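Inspection log for the structure reproduced underneath, given as structure tokens.
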Amino acid sequence: MAEASSSSEFPKKVIYCGICSLPPEYCEFGGTVKKCEEWLQQNHPSMHEKLYSQEAIEQNLSTLSLEAQKRAEKDAQKKAAKAASAEAKAQEQRATSKVLIKRIERNKRKYVTAVQGLEAFGLDIKKVAKDFGKKFATGSSVTKVPGGGEEITVQGDLSDDIYDFVVENYKDVPEDNIEMVEDKKKKAAG
Amino acid sequence: MFKKDIIPGAKSKVKSSAQRAIRAKVLDQYPLLEPYIEDIMPKKEQLDLVKLPDRVSLYALGSTPLFFQHMDDPLLPHLTLIHRYPTLFHRLRVDRGAIRFVLSGATLMVPGLTSPGGRLPSDTPDKGGQVSEEGRYGTEELEPGTVVVIEAEGKENACFVGTLKMGTAEMKKVKKGQACEGGHYLGDGLWSLNLG
């Protein structure tokens, strides 16, 4: 919010960690402490000094009983491991999942194009569908797939254009992961 | 309340009359905000209403979340708002041991507030505590249902906001049980929600 601040005290500026998005003093509870610490050191060295000095750490520990300390440590480790594995999993999923661009024959010489799998790359398919519609000036909608899940259906044969558009605009999607399929199966006469 | 990541629903503009009503309600609930209300929700700006799962609605200004509300419950401030205007709400403090539980979405329990590290209204300040510490947590006892911001021992910023389930006077007597109902904490779904 860009406001003309009317007082000297407020609004208070708060720095948020670039890794876990919490205020840096809470990073230690986030499970990605190592990364957060590095980030803070790079971006806000003075704050890093304050938060990660030996003194501060000792002070933190002294307020807890030994047993609680142990438990907290164990918990933190577990959390860190969990966060790491979740990240690895997400990355792997990102690497293996494919975007399918399907050209489906609807009638002789009439096609629709279905795009599947974009949601695996953290895209909001509703928004993407809207973008497709705007870009190609055609009907574009999110439809449910019988097997579960959703796909974007774009009217018209736009498979090549969509391929280019996705590569160009959504940098999160690696080009190698996009696959073009032609659906040969003709729909029953309609 | 927001343990899982949330998928925001439809975003719609708030009618200006409704906007005025919200503004009045905010001022009614948090009279201390009055000098800053123009900064928080300028009269001329268009507020957005974002619908969240479980009948929660979130009022936002552009991409800055401001207040959220479950059905007709009191409006609760979003933590980013609290961080910007920390002293304008009723505040309590939990001890260090409780932080990790709070941040993983547990219900706030009374012992965390009554222990030496926690603070309730009219507590005596730390030994040798600065003058500014005194009265920081107020002197009035709070009733159940009051919206409170929870800070943490040794931390500057708040980590939780919710409504009290038990009055603070009772807490001091009983020293156990649940203190705060599921609210909004650092790192939860509402926190990580990205308003495009």
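Starting from 1 in every chain, residues are counted up; chains themselves are A, B, ... following the order of the structure tokens, and ligands are numbered from 1 as listed.
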| task | Determine, counting only C-alpha atoms, which protein, DNA and RNA residues have an atom within 12 Å of an atom of Asn194 (chain B); residues of the same chain fewer than 6 positions away are not included. Present the result as a ChimeraX atom specification. | result | /A:21,124 /B:5-8,50,60,62-65,188
Using only N, CA and C atoms, please write the residues we just selected to a file, as a CSV table (one decimal), in the first residue's frame.
```csv
chain,number,residue,atom,x,y,z
A,21,SER,N,8.8,-16.2,3.9
A,21,SER,CA,7.8,-15.1,4.0
A,21,SER,C,7.4,-14.7,5.4
A,124,ASP,N,-2.7,-21.1,-12.4
A,124,ASP,CA,-4.1,-21.1,-12.1
A,124,ASP,C,-4.8,-21.3,-13.5
B,5,ASP,N,-3.6,-24.7,2.8
B,5,ASP,CA,-3.5,-23.6,1.8
B,5,ASP,C,-4.9,-23.4,1.2
B,6,ILE,N,-5.3,-22.1,1.0
B,6,ILE,CA,-6.6,-21.8,0.6
B,6,ILE,C,-6.6,-21.4,-0.9
B,7,ILE,N,-7.6,-21.8,-1.5
B,7,ILE,CA,-7.8,-21.3,-2.9
B,7,ILE,C,-8.8,-20.2,-2.8
B,8,PRO,N,-8.4,-19.0,-3.2
B,8,PRO,CA,-9.4,-17.9,-3.1
B,8,PRO,C,-10.5,-18.1,-4.1
B,50,VAL,N,-12.9,-10.8,-1.2
B,50,VAL,CA,-12.5,-12.1,-1.7
B,50,VAL,C,-13.1,-13.2,-0.9
B,60,ALA,N,-9.8,-6.7,1.0
B,60,ALA,CA,-8.5,-6.4,0.6
B,60,ALA,C,-8.5,-5.1,-0.2
B,62,GLY,N,-6.5,-3.6,-3.2
B,62,GLY,CA,-5.6,-4.0,-4.2
B,62,GLY,C,-5.1,-5.4,-3.8
B,63,SER,N,-3.8,-5.6,-3.6
B,63,SER,CA,-3.3,-6.9,-3.2
B,63,SER,C,-2.9,-6.9,-1.8
B,64,THR,N,-3.3,-6.0,-1.0
B,64,THR,CA,-3.0,-6.0,0.4
B,64,THR,C,-4.2,-6.4,1.2
B,65,PRO,N,-4.1,-7.6,1.8
B,65,PRO,CA,-5.3,-8.0,2.6
B,65,PRO,C,-5.4,-7.2,3.9
B,188,ASP,N,0.2,-19.5,7.9
B,188,ASP,CA,-0.9,-20.3,7.5
B,188,ASP,C,-1.4,-20.0,6.1
```
Quick check: residues of chain B within 7 Å of chain A, only C-alpha atoms, returned as an mmCIF file with N, CA, C and O atoms, in the first residue's frame.
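So the final result, stored in iface_5.cif, reads:
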```cif
data_model
loop_
_atom_site.group_PDB
_atom_site.id
_atom_site.type_symbol
_atom_site.label_atom_id
_atom_site.label_comp_id
_atom_site.auth_asym_id
_atom_site.auth_seq_id
_atom_site.Cartn_x
_atom_site.Cartn_y
_atom_site.Cartn_z
ATOM 1 N N ASP B 39 -5.149 5.928 6.079
ATOM 2 C CA ASP B 39 -4.025 5.210 5.486
ATOM 3 C C ASP B 39 -4.386 3.761 5.194
ATOM 4 O O ASP B 39 -3.944 3.171 4.223
ATOM 5 N N THR B 64 -3.332 -5.956 -0.998
ATOM 6 C CA THR B 64 -3.035 -5.968 0.431
ATOM 7 C C THR B 64 -4.250 -6.447 1.202
ATOM 8 O O THR B 64 -5.273 -5.774 1.218
ATOM 9 N N HIS B 83 1.208 -6.062 11.752
ATOM 10 C CA HIS B 83 2.639 -5.754 11.788
ATOM 11 C C HIS B 83 2.898 -4.279 11.499
ATOM 12 O O HIS B 83 3.859 -3.703 11.983
ATOM 13 N N ARG B 84 2.027 -3.708 10.698
ATOM 14 C CA ARG B 84 2.239 -2.299 10.378
ATOM 15 C C ARG B 84 1.735 -1.378 11.491
ATOM 16 O O ARG B 84 2.296 -0.325 11.732
ATOM 17 N N TYR B 85 0.664 -1.796 12.135
ATOM 18 C CA TYR B 85 0.110 -0.964 13.216
ATOM 19 C C TYR B 85 0.015 -1.778 14.494
ATOM 20 O O TYR B 85 -1.079 -2.060 14.979
ATOM 21 N N GLY B 97 8.180 -21.242 24.505
ATOM 22 C CA GLY B 97 7.888 -22.648 24.239
ATOM 23 C C GLY B 97 6.649 -22.832 23.394
ATOM 24 O O GLY B 97 6.494 -23.839 22.703
ATOM 25 N N ARG B 100 6.282 -22.483 18.693
ATOM 26 C CA ARG B 100 6.277 -23.465 17.611
ATOM 27 C C ARG B 100 4.921 -24.146 17.460
ATOM 28 O O ARG B 100 4.556 -24.569 16.373
ATOM 29 N N LYS B 155 10.173 -11.695 20.708
ATOM 30 C CA LYS B 155 9.964 -11.336 19.307
ATOM 31 C C LYS B 155 9.295 -9.973 19.228
ATOM 32 O O LYS B 155 8.563 -9.569 20.119
ATOM 33 N N LEU B 186 0.982 -16.853 11.694
ATOM 34 C CA LEU B 186 2.040 -16.668 10.703
ATOM 35 C C LEU B 186 2.268 -17.951 9.925
ATOM 36 O O LEU B 186 2.441 -19.010 10.504
ATOM 37 N N GLY B 187 2.278 -17.854 8.639
ATOM 38 C CA GLY B 187 2.603 -19.013 7.825
ATOM 39 C C GLY B 187 1.411 -19.891 7.477
ATOM 40 O O GLY B 187 1.583 -20.929 6.855
#
```
| request: Extract the full set of helix (DSSP H, G or I) residues from region 3-123 of chain B according to DSSP on the backbone, and format it as a ChimeraX atom specification. | output: /B:16-29,31-40,79-84,86-88,96-103,110-114
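With CA of Asp54 (chain B) on one side and CA of His184 (chain B) on the other, the separation reads 13.9 Å.
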| message | Run DSSP on the backbone and tell me which residues of region 59-180 of chain B come out as strand (DSSP E or B); list them as a PyMOL selection string. | response | chain B and resi 59-61+64-70+76-77+90-94+108-109+119+147-152+158-164+178-180
| query | With only C-alpha atoms as the atoms that count, which of A:Gln42, A:Gln116, A:Asn169, A:Asn107 lies nearest to Lys135 (chain A)? | reply | A:Asn169
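When only C-alpha atoms are used to compute distances to Leu108 (chain B), the closest of the residues B:Glu151, B:Asp28, B:Glu45, B:Glu141 turns out to be B:Glu151.
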| query | Please, what distance in Å, to one decimal, runs between CA of Lys3 (chain B) and CA of Gly105 (chain B)? | reply | 6.3 Å
| said: What's around Leu33 (chain B) at 9 Å? Count only C-alpha atoms, leave out sequence neighbours fewer than 6 positions away in its own chain, and write the answer as a list in words. | reply: Val26, Leu27, Ile40, Tyr85, Leu88 and Phe89 of chain B
| In Å, how far is it from CA of Gly122 (chain A) to CA of Ile152 (chain A)? | 14.8 Å
